[in-house]
file data-v1.tsv (TSV, C-alpha atoms and all ligand atoms)
chain	number	residue	atom	x	y	z
L	17	MET	CA	0.00	0.00	0.00
L	18	ASN	CA	1.23	3.49	-0.85
L	19	THR	CA	1.52	5.71	2.19
L	20	PRO	CA	-0.67	8.82	1.84
L	21	ILE	CA	0.73	12.33	1.52
L	22	PHE	CA	-0.60	14.01	4.60
L	23	THR	CA	-0.94	17.68	5.56
L	24	ILE	CA	-1.65	19.04	9.03
L	25	ILE	CA	-3.41	22.41	8.71
L	26	VAL	CA	-3.20	24.90	11.58
L	27	PRO	CA	-5.11	28.22	11.54
L	28	CYS	CA	-3.27	30.86	13.57
L	29	TYR	CA	-4.51	34.26	14.66
L	30	ASN	CA	-2.20	36.20	16.98
L	31	GLU	CA	-0.69	32.99	18.32
L	32	GLU	CA	2.90	34.14	18.95
L	33	ALA	CA	2.70	33.01	22.58
L	34	VAL	CA	2.11	29.40	21.69
L	35	LEU	CA	3.33	29.00	18.14
L	36	GLU	CA	6.91	27.92	18.74
L	37	VAL	CA	5.84	25.05	20.98
L	38	THR	CA	3.12	24.12	18.50
L	39	ILE	CA	5.56	24.07	15.62
L	40	ASP	CA	7.92	21.82	17.59
L	41	GLN	CA	5.22	19.43	18.68
L	42	LEU	CA	3.54	19.14	15.31
L	43	THR	CA	6.76	18.65	13.36
L	44	ALA	CA	7.80	15.99	15.89
L	45	LYS	CA	4.42	14.32	15.49
L	46	LEU	CA	4.66	14.37	11.71
L	47	SER	CA	8.21	12.99	11.74
L	48	GLU	CA	6.97	10.19	14.00
L	49	LEU	CA	4.15	9.36	11.58
L	50	ILE	CA	6.61	9.34	8.68
L	51	GLU	CA	8.97	7.07	10.62
L	52	GLN	CA	6.16	4.67	11.45
L	53	ASN	CA	5.43	4.56	7.76
L	54	LEU	CA	1.86	5.72	8.33
L	55	VAL	CA	2.25	8.69	5.98
L	56	SER	CA	4.51	9.61	3.09
L	57	ASP	CA	7.75	11.51	3.64
L	58	LYS	CA	6.33	14.26	1.41
L	59	SER	CA	3.88	15.21	4.19
L	60	LYS	CA	3.83	18.76	5.58
L	61	VAL	CA	2.50	20.95	8.37
L	62	LEU	CA	0.80	24.02	6.94
L	63	PHE	CA	0.33	27.05	9.19
L	64	VAL	CA	-2.27	29.52	7.97
L	65	ASP	CA	-1.70	33.02	9.27
L	66	ASP	CA	-5.15	34.58	9.46
L	67	GLY	CA	-4.05	38.21	9.25
L	68	SER	CA	-2.32	38.22	12.65
L	69	LYS	CA	-1.11	41.50	14.07
L	70	ASP	CA	1.70	40.04	16.13
L	71	ARG	CA	4.82	38.02	15.17
L	72	THR	CA	2.87	34.94	14.07
L	73	TRP	CA	3.85	35.15	10.39
L	74	HIS	CA	7.42	35.92	11.31
L	75	LEU	CA	7.60	32.71	13.35
L	76	ILE	CA	5.96	30.62	10.64
L	77	TYR	CA	8.26	32.03	8.00
L	78	LYS	CA	11.35	31.45	10.09
L	79	ALA	CA	10.33	27.86	10.85
L	80	SER	CA	9.69	27.21	7.16
L	81	LEU	CA	13.27	28.22	6.38
L	82	ASN	CA	14.68	25.94	9.05
L	83	ASN	CA	12.53	22.95	8.47
L	84	GLU	CA	11.48	21.44	5.17
L	85	ILE	CA	8.19	20.07	6.48
L	86	VAL	CA	6.91	23.42	7.80
L	87	LYS	CA	4.94	25.47	5.29
L	88	GLY	CA	3.09	28.73	5.62
L	89	LEU	CA	0.15	30.46	4.05
L	90	LYS	CA	-0.44	34.11	4.74
L	91	LEU	CA	-3.90	35.54	4.24
L	92	SER	CA	-4.27	39.17	3.26
L	93	ARG	CA	-6.34	40.01	6.37
L	94	ASN	CA	-8.22	38.42	9.22
L	95	VAL	CA	-11.10	36.39	7.79
L	96	GLY	CA	-11.99	34.23	10.80
L	97	HIS	CA	-11.29	30.69	11.89
L	98	GLN	CA	-13.63	28.94	9.44
L	99	ASN	CA	-12.35	30.75	6.36
L	100	ALA	CA	-8.75	30.27	7.46
L	101	LEU	CA	-9.43	26.54	7.64
L	102	LEU	CA	-10.89	26.60	4.15
L	103	ALA	CA	-7.89	28.51	2.81
L	104	GLY	CA	-5.60	25.85	4.26
L	105	LEU	CA	-7.66	22.92	3.01
L	106	PHE	CA	-8.10	24.24	-0.52
L	107	SER	CA	-4.45	25.22	-0.86
L	108	ALA	CA	-3.20	21.88	0.41
L	109	LYS	CA	-5.60	19.57	-1.37
L	110	GLU	CA	-3.78	19.31	-4.71
L	111	ALA	CA	-0.60	18.05	-3.09
L	112	SER	CA	-2.20	15.94	-0.34
L	113	ASP	CA	-4.12	12.68	-0.07
L	114	CYS	CA	-5.56	13.54	3.30
L	115	MET	CA	-5.54	16.52	5.65
L	116	VAL	CA	-6.09	17.12	9.34
L	117	THR	CA	-7.15	20.50	10.73
L	118	ILE	CA	-6.16	21.35	14.28
L	119	ASP	CA	-6.13	24.55	16.37
L	120	ALA	CA	-2.83	26.26	17.07
L	121	ASP	CA	-3.27	26.15	20.85
L	122	LEU	CA	-3.08	22.33	20.84
L	123	GLN	CA	-6.14	21.94	23.05
L	124	ASP	CA	-6.91	18.96	20.89
L	125	ASP	CA	-4.76	15.92	21.51
L	126	ILE	CA	-2.21	15.58	18.71
L	127	HIS	CA	-1.74	11.92	19.58
L	128	ALA	CA	-5.23	11.25	18.24
L	129	ILE	CA	-3.81	12.01	14.79
L	130	ASN	CA	-2.22	8.54	14.63
L	131	GLU	CA	-5.62	6.94	15.07
L	132	MET	CA	-7.14	9.29	12.49
L	133	VAL	CA	-4.56	8.40	9.88
L	134	LYS	CA	-5.08	4.71	10.60
L	135	LYS	CA	-8.81	5.15	10.05
L	136	TYR	CA	-8.07	6.92	6.76
L	137	ASN	CA	-5.85	4.02	5.71
L	138	GLU	CA	-8.77	1.70	6.55
L	139	GLY	CA	-10.85	3.56	3.98
L	140	TYR	CA	-12.67	6.33	5.87
L	141	GLU	CA	-12.95	9.66	4.07
L	142	VAL	CA	-13.80	11.82	7.10
L	143	VAL	CA	-12.63	11.20	10.66
L	144	TYR	CA	-14.11	13.44	13.37
L	145	GLY	CA	-12.13	14.20	16.51
L	146	VAL	CA	-14.61	14.04	19.38
L	147	ARG	CA	-13.92	15.41	22.86
L	148	SER	CA	-14.57	12.72	25.40
L	149	SER	CA	-14.41	15.16	28.28
L	150	ARG	CA	-14.42	18.89	28.67
L	151	GLU	CA	-12.94	18.97	32.12
L	152	SER	CA	-10.27	21.47	31.09
L	153	ASP	CA	-12.89	23.96	29.88
L	154	THR	CA	-14.40	26.41	32.29
L	155	PHE	CA	-17.86	25.55	33.60
L	156	PHE	CA	-19.32	28.38	31.54
L	157	LYS	CA	-17.64	27.28	28.29
L	158	ARG	CA	-18.75	23.70	28.86
L	159	LEU	CA	-22.32	24.72	29.57
L	160	THR	CA	-22.62	27.04	26.58
L	161	ALA	CA	-20.82	24.69	24.18
L	162	GLU	CA	-22.82	21.60	25.12
L	163	GLY	CA	-26.02	23.64	25.18
L	164	PHE	CA	-25.21	24.79	21.66
L	165	TYR	CA	-24.86	21.23	20.35
L	166	LYS	CA	-28.14	20.23	21.99
L	167	LEU	CA	-29.94	23.30	20.64
L	168	MET	CA	-28.65	22.64	17.13
L	169	ASP	CA	-29.89	19.06	17.41
L	170	LYS	CA	-33.35	20.29	18.48
L	171	LEU	CA	-33.38	22.67	15.52
L	172	GLY	CA	-32.75	19.77	13.19
L	173	VAL	CA	-29.10	20.46	12.33
L	174	LYS	CA	-27.04	17.31	12.27
L	175	LEU	CA	-23.80	17.99	14.11
L	176	VAL	CA	-21.36	15.46	15.53
L	177	PHE	CA	-21.74	15.98	19.30
L	178	ASN	CA	-18.70	17.58	20.92
L	179	HIS	CA	-16.76	17.69	17.69
L	180	ALA	CA	-15.21	21.02	16.76
L	181	ASP	CA	-12.80	21.56	13.91
L	182	PHE	CA	-10.29	18.81	14.67
L	183	ARG	CA	-10.92	16.40	11.82
L	184	LEU	CA	-9.29	14.46	9.05
L	185	MET	CA	-10.61	14.79	5.53
L	186	SER	CA	-9.56	12.94	2.42
L	187	LYS	CA	-8.69	14.77	-0.76
L	188	ARG	CA	-11.98	13.57	-2.24
L	189	ALA	CA	-13.98	14.98	0.68
L	190	VAL	CA	-12.22	18.36	0.40
L	191	GLU	CA	-12.89	18.46	-3.33
L	192	GLU	CA	-16.57	17.92	-2.63
L	193	LEU	CA	-16.43	20.58	0.09
L	194	GLU	CA	-15.30	23.05	-2.54
L	195	GLN	CA	-18.63	22.63	-4.27
L	196	PHE	CA	-20.45	24.16	-1.32
L	197	ALA	CA	-20.27	27.68	-2.67
L	198	GLU	CA	-22.06	29.46	0.18
L	199	SER	CA	-20.07	32.30	1.61
L	200	ASN	CA	-21.16	31.61	5.17
L	201	MET	CA	-19.32	28.38	5.84
L	202	PHE	CA	-20.06	26.63	9.10
L	203	LEU	CA	-17.83	23.62	8.65
L	204	ARG	CA	-19.20	21.55	11.52
L	205	GLY	CA	-22.58	21.60	9.84
L	206	ILE	CA	-21.38	21.26	6.27
L	207	VAL	CA	-18.87	18.42	6.51
L	208	PRO	CA	-21.53	15.88	7.63
L	209	LEU	CA	-23.54	16.90	4.54
L	210	ILE	CA	-20.73	15.67	2.29
L	211	GLY	CA	-21.47	12.11	3.35
L	212	PHE	CA	-19.00	9.32	2.48
L	213	ASN	CA	-17.68	6.81	4.97
L	214	SER	CA	-16.98	8.59	8.22
L	215	THR	CA	-16.06	7.72	11.77
L	216	SER	CA	-14.92	9.35	15.02
L	217	VAL	CA	-11.89	9.23	17.25
L	218	CYS	CA	-12.18	10.23	20.93
L	219	TYR	CA	-9.67	12.34	22.83
L	220	GLU	CA	-9.46	14.48	25.93
L	221	ARG	CA	-9.50	18.20	25.41
L	222	ARG	CA	-6.82	20.08	27.28
L	223	GLU	CA	-6.21	23.62	28.32
L	224	ARG	CA	-4.76	26.14	25.94
L	225	LEU	CA	-0.93	25.83	26.01
L	226	ALA	CA	-0.49	29.60	26.13
L	227	GLY	CA	-2.09	32.81	24.95
L	228	GLU	CA	-5.74	33.74	25.18
L	229	THR	CA	-8.83	32.41	23.52
L	230	LYS	CA	-9.62	34.15	20.24
L	231	TYR	CA	-13.28	33.41	20.88
L	232	PRO	CA	-14.48	35.76	23.59
L	233	LEU	CA	-18.14	35.54	24.54
L	234	LYS	CA	-19.25	38.05	21.91
L	235	LYS	CA	-17.57	36.15	19.08
L	236	MET	CA	-18.80	32.82	20.45
L	237	LEU	CA	-22.40	34.03	20.46
L	238	ALA	CA	-22.03	35.44	16.95
L	239	PHE	CA	-20.58	32.12	15.79
L	240	ALA	CA	-23.43	30.14	17.36
L	241	PHE	CA	-26.08	32.48	15.94
L	242	ASP	CA	-24.46	32.26	12.51
L	243	GLY	CA	-24.37	28.48	12.74
L	244	ILE	CA	-28.05	28.33	13.64
L	245	THR	CA	-29.34	30.77	11.05
L	246	SER	CA	-27.17	29.27	8.32
L	247	PHE	CA	-28.60	25.83	8.84
L	248	SER	CA	-32.08	26.12	10.18
L	249	VAL	CA	-35.29	28.01	9.48
L	250	THR	CA	-36.79	26.79	12.75
L	251	PRO	CA	-36.22	30.17	14.47
L	252	ILE	CA	-38.41	31.90	11.90
L	253	ARG	CA	-41.11	29.30	12.40
L	254	PHE	CA	-40.77	29.77	16.11
L	255	VAL	CA	-41.32	33.49	15.72
L	256	MET	CA	-44.48	32.80	13.76
L	257	LEU	CA	-45.66	30.49	16.49
L	258	ILE	CA	-45.08	33.18	19.09
L	259	GLY	CA	-46.93	35.64	16.85
L	260	CYS	CA	-49.94	33.29	16.70
L	261	LEU	CA	-49.84	32.72	20.44
L	262	SER	CA	-49.73	36.42	21.24
L	263	PHE	CA	-52.63	36.97	18.82
L	264	LEU	CA	-54.67	34.36	20.69
L	265	ILE	CA	-53.75	35.87	24.03
L	266	SER	CA	-54.78	39.33	22.87
L	267	LEU	CA	-58.15	37.90	21.78
L	268	VAL	CA	-58.70	36.49	25.24
L	269	PHE	CA	-57.69	39.78	26.82
L	270	GLY	CA	-59.97	41.65	24.41
L	271	LEU	CA	-62.90	39.53	25.53
L	272	TYR	CA	-61.99	40.08	29.15
L	273	PHE	CA	-61.85	43.85	28.75
L	274	LEU	CA	-65.12	43.90	26.85
L	275	THR	CA	-66.78	41.91	29.60
L	276	LEU	CA	-65.45	44.37	32.15
L	277	LYS	CA	-66.75	47.28	30.09
L	278	PHE	CA	-70.28	45.93	29.82
L	279	PHE	CA	-70.65	44.33	33.23
L	280	GLY	CA	-69.20	46.69	35.72
L	281	ASN	CA	-65.94	48.36	36.27
L	282	THR	CA	-64.92	50.49	33.31
L	283	GLN	CA	-61.84	51.87	35.03
L	284	LEU	CA	-59.61	49.78	32.87
L	285	GLY	CA	-56.00	49.91	33.93
L	286	TRP	CA	-53.52	51.94	32.04
L	287	THR	CA	-50.93	49.37	33.11
L	288	SER	CA	-52.40	46.49	31.17
L	289	LEU	CA	-52.71	48.68	28.09
L	290	ILE	CA	-49.18	49.94	28.15
L	291	THR	CA	-47.78	46.48	28.93
L	292	SER	CA	-49.50	44.93	25.98
L	293	ILE	CA	-48.29	47.70	23.67
L	294	TRP	CA	-44.75	47.08	24.75
L	295	LEU	CA	-45.16	43.31	24.57
L	296	ILE	CA	-46.57	43.26	21.08
L	297	GLY	CA	-44.10	45.94	19.93
L	298	GLY	CA	-41.20	43.92	21.26
L	299	LEU	CA	-42.40	40.72	19.67
L	300	GLN	CA	-42.80	42.47	16.34
L	301	LEU	CA	-39.33	43.91	16.49
L	302	ILE	CA	-37.80	40.52	17.34
L	303	ALA	CA	-39.67	38.95	14.46
L	304	LEU	CA	-38.60	41.67	12.07
L	305	GLY	CA	-35.00	41.40	13.22
L	306	LEU	CA	-34.95	37.68	12.71
L	307	VAL	CA	-36.47	37.88	9.26
L	308	GLY	CA	-33.96	40.63	8.50
L	309	GLU	CA	-31.15	38.33	9.59
L	310	TYR	CA	-32.17	35.76	7.00
L	311	ILE	CA	-32.58	38.39	4.30
L	312	GLY	CA	-29.12	39.71	5.20
L	313	LYS	CA	-27.78	36.21	4.72
L	314	ILE	CA	-29.36	36.00	1.26
L	315	TYR	CA	-27.90	39.39	0.40
L	316	LYS	CA	-24.44	38.29	1.48
L	317	GLU	CA	-24.68	35.04	-0.48
L	318	THR	CA	-25.75	36.75	-3.69
L	319	LYS	CA	-22.62	38.86	-3.72
L	320	ARG	CA	-20.39	35.79	-3.94
L	321	ARG	CA	-17.40	37.57	-2.50
L	322	PRO	CA	-14.19	35.55	-2.09
L	323	LYS	CA	-13.93	34.01	1.34
L	324	TYR	CA	-10.25	34.80	1.69
L	325	ILE	CA	-7.38	36.26	-0.29
L	326	ILE	CA	-3.93	34.72	-0.17
L	327	ASP	CA	-1.00	37.03	0.30
L	328	VAL	CA	1.92	34.60	0.41
L	329	ASP	CA	1.71	30.87	-0.31
L	330	LEU	CA	4.80	28.97	0.78
L	331	PHE	CA	2.99	25.66	0.29
L	332	ASN	CA	2.46	25.71	-3.45
L	333	LEU	CA	5.06	28.32	-4.38
L	334	PRO	CA	8.10	27.53	-2.26
L	335	LEU	CA	10.68	30.28	-2.22
L	336	SER	CA	14.13	29.54	-3.44
L	337	ARG	CA	16.26	28.59	-0.45
L	338	LYS	CA	19.43	29.87	-2.07
L	339	LEU	CA	18.00	33.33	-2.46
L	340	ILE	CA	16.76	33.36	1.09
L	341	ASN	CA	20.13	32.33	2.46
L	342	MET	CA	21.80	35.11	0.52
L	343	GLU	CA	19.48	37.54	2.21
L	344	GLY	CA	20.85	36.53	5.58
L	345	ALA	CA	19.11	35.20	8.63
L	346	ASP	CA	17.53	38.34	9.94
L	347	TYR	CA	14.13	38.16	8.32
L	348	GLU	CA	11.95	41.02	7.37
L	349	PRO	CA	9.29	38.54	6.33
L	350	ILE	CA	6.75	40.58	4.42
L	351	SER	CA	8.95	42.69	2.22
L	352	GLU	CA	11.39	39.81	1.82
L	353	THR	CA	8.78	37.37	0.57
L	354	ARG	CA	7.44	39.95	-1.82
L	355	LYS	CA	10.89	40.65	-3.22
L	356	LEU	CA	11.64	36.97	-3.54
L	357	SER	CA	8.41	36.02	-5.25
L	358	GLU	CA	9.05	38.76	-7.77
L	359	ASN	CA	12.48	37.32	-8.44
L	360	ASN	CA	11.20	33.76	-8.84
L	401	LIG	N1	-8.40	31.64	14.78
L	401	LIG	C1	-8.24	32.14	13.48
L	401	LIG	N2	-8.87	33.31	13.13
L	401	LIG	C2	-9.66	34.01	14.01
L	401	LIG	C3	-9.83	33.49	15.32
L	401	LIG	C4	-9.20	32.30	15.66
L	401	LIG	O1	-7.55	31.53	12.66
L	401	LIG	O2	-10.18	35.05	13.63
L	401	LIG	C5	-7.73	30.39	15.15
L	401	LIG	C6	-6.90	30.45	16.42
L	401	LIG	O3	-5.59	30.90	16.16
L	401	LIG	C7	-6.91	29.00	16.89
L	401	LIG	C8	-8.28	28.53	16.43
L	401	LIG	O4	-8.72	29.44	15.43
L	401	LIG	O5	-5.93	28.22	16.23
L	401	LIG	C9	-9.28	28.42	17.55
L	401	LIG	O6	-9.29	29.59	18.33
L	401	LIG	P1	-9.29	29.56	19.91
L	401	LIG	O7	-8.41	28.46	20.40
L	401	LIG	O8	-8.96	30.91	20.41
L	401	LIG	O9	-10.82	29.20	20.24
L	401	LIG	P2	-11.39	28.36	21.48
L	401	LIG	O10	-10.62	27.08	21.54
L	401	LIG	O11	-11.15	29.21	22.68
L	401	LIG	O12	-12.84	28.15	21.14
L	402	MG	MG	-8.65	26.87	21.62
call {"tool": "encode", "arguments": {"input": "data-v1.tsv", "output": "structure tokens"}}
result
Amino acid sequence: MNTPIFTIIVPCYNEEAVLEVTIDQLTAKLSELIEQNLVSDKSKVLFVDDGSKDRTWHLIYKASLNNEIVKGLKLSRNVGHQNALLAGLFSAKEASDCMVTIDADLQDDIHAINEMVKKYNEGYEVVYGVRSSRESDTFFKRLTAEGFYKLMDKLGVKLVFNHADFRLMSKRAVEELEQFAESNMFLRGIVPLIGFNSTSVCYERRERLAGETKYPLKKMLAFAFDGITSFSVTPIRFVMLIGCLSFLISLVFGLYFLTLKFFGNTQLGWTSLITSIWLIGGLQLIALGLVGEYIGKIYKETKRRPKYIIDVDLFNLPLSRKLINMEGADYEPISETRKLSENN
């Protein structure tokens, strides 16, 4: 059996605090896989710099000069985790038989990669990394994350429970993924739609090695809301249901007030009036907002804007080593890469 060419894809956004350790650990892991003859010696680790503002690209670039198996992809600006993953997958797919995506903070267990590659060699096209425990997460993160999976399930979106973006995909699966042209990519929801033979590998999620989460509460909520409205129309139906209910309630109240008017006390409370105005007004605004959200999505999709723009691609257009060495070891990464790609 031919060993597959394998690429580990790592999205990085302002990860200078953790990146050096990550580079060491992932290159060691890949060398181990190559030694065990599980993957081809042409395999690489591809770091995608998602428009970082710190020294992330500098570190990636430096590592790529020192180590043949480290490659880098620099995006022109920050486009978010999901798009950075896509940029990595689509750039690597030509030269790879299978690819694993993993976060730069190594919260996901890199030792699960062995099992994933074995599953690929057994014939699986997609292997999901599933967290068996979330003990390392804060109580709040665990509650919100697990609640999110359960809510998505209730809304009819098929997600793999407790699976984030640590997964192996075959070249074939990534090629099919490319056909999903929507600009709002929520990979956890889309990959199961590709189908093919798939399986899961369990691992324990750890704490971030260093640095801070790039998903503060605000971003996390936006991500969850995006995931829901990209995959489900249940919220809109729910709003309609609430609308119907409040209509029924107002009928009952109407009857009640009429009865009061005709059979006694006409001093109807200002309170009930004002409350219902606010209640109905609020419900209407929520409904409008939600409908607007979906219309906004349609608007965004119709524009078909590119999901990311590549600035420097060291994976498919390797720079000439000789030229780089002549430039000396003190890198000025951005201007240097530009100069060199012009020369090539
Ligand atoms: N990330 C990215 N672009 C962004 C935000 C995050 O590429 O705009 C990367 C980040 O560098 C990390 C991964 O996405 O490799 C997951 O982010 P993080 O670990 O901060 O999320 P959490 O694990 O806290 O949900
Ligand atoms: Mg993380």
call {"tool": "closest_atom_pairs", "arguments": {"input": "data-v1.tsv", "of": "chain L", "to": "ligand MG 402 (chain L)", "cutoff": "6 Å", "atoms": "all atoms listed in the file", "output": "JSON lines"}}
result
{"residue": "L:Asp121", "atom": "CA", "partner": "L:MG402", "partner_atom": "MG", "distance": 5.5}
{"residue": "L:Gln123", "atom": "CA", "partner": "L:MG402", "partner_atom": "MG", "distance": 5.7}
{"residue": "L:Arg224", "atom": "CA", "partner": "L:MG402", "partner_atom": "MG", "distance": 5.9}
{"residue": "L:Thr229", "atom": "CA", "partner": "L:MG402", "partner_atom": "MG", "distance": 5.9}
call {"tool": "closest_residue", "arguments": {"input": "data-v1.tsv", "among": "L:Lys109, L:Lys134, L:Lys187, L:His179", "to": "ligand LIG 401 (chain L)", "atoms": "all atoms listed in the file"}}
result
L:His179
call {"tool": "atom_distance", "arguments": {"input": "data-v1.tsv", "atom1": "atom CA of Phe331 of chain L", "atom2": "atom CA of Gly139 of chain L"}}
result
26.3 Å
call {"tool": "residues_around", "arguments": {"input": "data-v1.tsv", "residues": "Leu233 of chain L", "least_positions_apart": "5", "cutoff": "12 Å", "atoms": "all atoms listed in the file", "output": "ChimeraX atom specification"}}
result
/L:156-157,160-161,238-240
call {"tool": "closest_atom_pairs", "arguments": {"input": "data-v1.tsv", "of": "chain L", "to": "ligand LIG 401 (chain L)", "cutoff": "6 Å", "atoms": "all atoms listed in the file", "output": "JSON lines"}}
result
{"residue": "L:Pro27", "atom": "CA", "partner": "L:LIG401", "partner_atom": "O1", "distance": 4.3}
{"residue": "L:Cys28", "atom": "CA", "partner": "L:LIG401", "partner_atom": "O3", "distance": 3.5}
{"residue": "L:Tyr29", "atom": "CA", "partner": "L:LIG401", "partner_atom": "O3", "distance": 3.8}
{"residue": "L:Glu31", "atom": "CA", "partner": "L:LIG401", "partner_atom": "O3", "distance": 5.7}
{"residue": "L:Asp66", "atom": "CA", "partner": "L:LIG401", "partner_atom": "O1", "distance": 5.0}
{"residue": "L:Asn94", "atom": "CA", "partner": "L:LIG401", "partner_atom": "O2", "distance": 5.9}
{"residue": "L:Gly96", "atom": "CA", "partner": "L:LIG401", "partner_atom": "O2", "distance": 3.5}
{"residue": "L:His97", "atom": "CA", "partner": "L:LIG401", "partner_atom": "C1", "distance": 3.7}
{"residue": "L:Ala100", "atom": "CA", "partner": "L:LIG401", "partner_atom": "O1", "distance": 5.5}
{"residue": "L:Asp119", "atom": "CA", "partner": "L:LIG401", "partner_atom": "O5", "distance": 3.7}
{"residue": "L:Ala120", "atom": "CA", "partner": "L:LIG401", "partner_atom": "O5", "distance": 3.8}
{"residue": "L:Asp121", "atom": "CA", "partner": "L:LIG401", "partner_atom": "O7", "distance": 5.7}
{"residue": "L:Thr229", "atom": "CA", "partner": "L:LIG401", "partner_atom": "O8", "distance": 3.5}
{"residue": "L:Lys230", "atom": "CA", "partner": "L:LIG401", "partner_atom": "O8", "distance": 3.3}
{"residue": "L:Tyr231", "atom": "CA", "partner": "L:LIG401", "partner_atom": "O9", "distance": 4.9}
call {"tool": "closest_residue", "arguments": {"input": "data-v1.tsv", "among": "L:Val64, L:Leu81, L:Val116, L:Cys218", "to": "Arg93 of chain L", "atoms": "all atoms listed in the file"}}
result
L:Val64
call {"tool": "axis_aligned_box", "arguments": {"input": "data-v1.tsv", "around": "segment 182-199 of chain L", "padding_each_side": "4 Å", "output": "lines of an AutoDock Vina configuration file"}}
result
center_x = -15.4
center_y = 22.6
center_z = 5.2
size_x = 21.4
size_y = 27.4
size_z = 26.9
call {"tool": "closest_residue", "arguments": {"input": "data-v1.tsv", "among": "L:Ser68, L:Asn130, L:Thr38, L:Ser92", "to": "Val328 of chain L", "atoms": "only C-alpha atoms"}}
result
L:Ser92
call {"tool": "closest_residue", "arguments": {"input": "data-v1.tsv", "among": "L:Ala303, L:Leu295, L:Ala226, L:Ala189", "to": "Gly211 of chain L", "atoms": "all atoms listed in the file"}}
result
L:Ala189
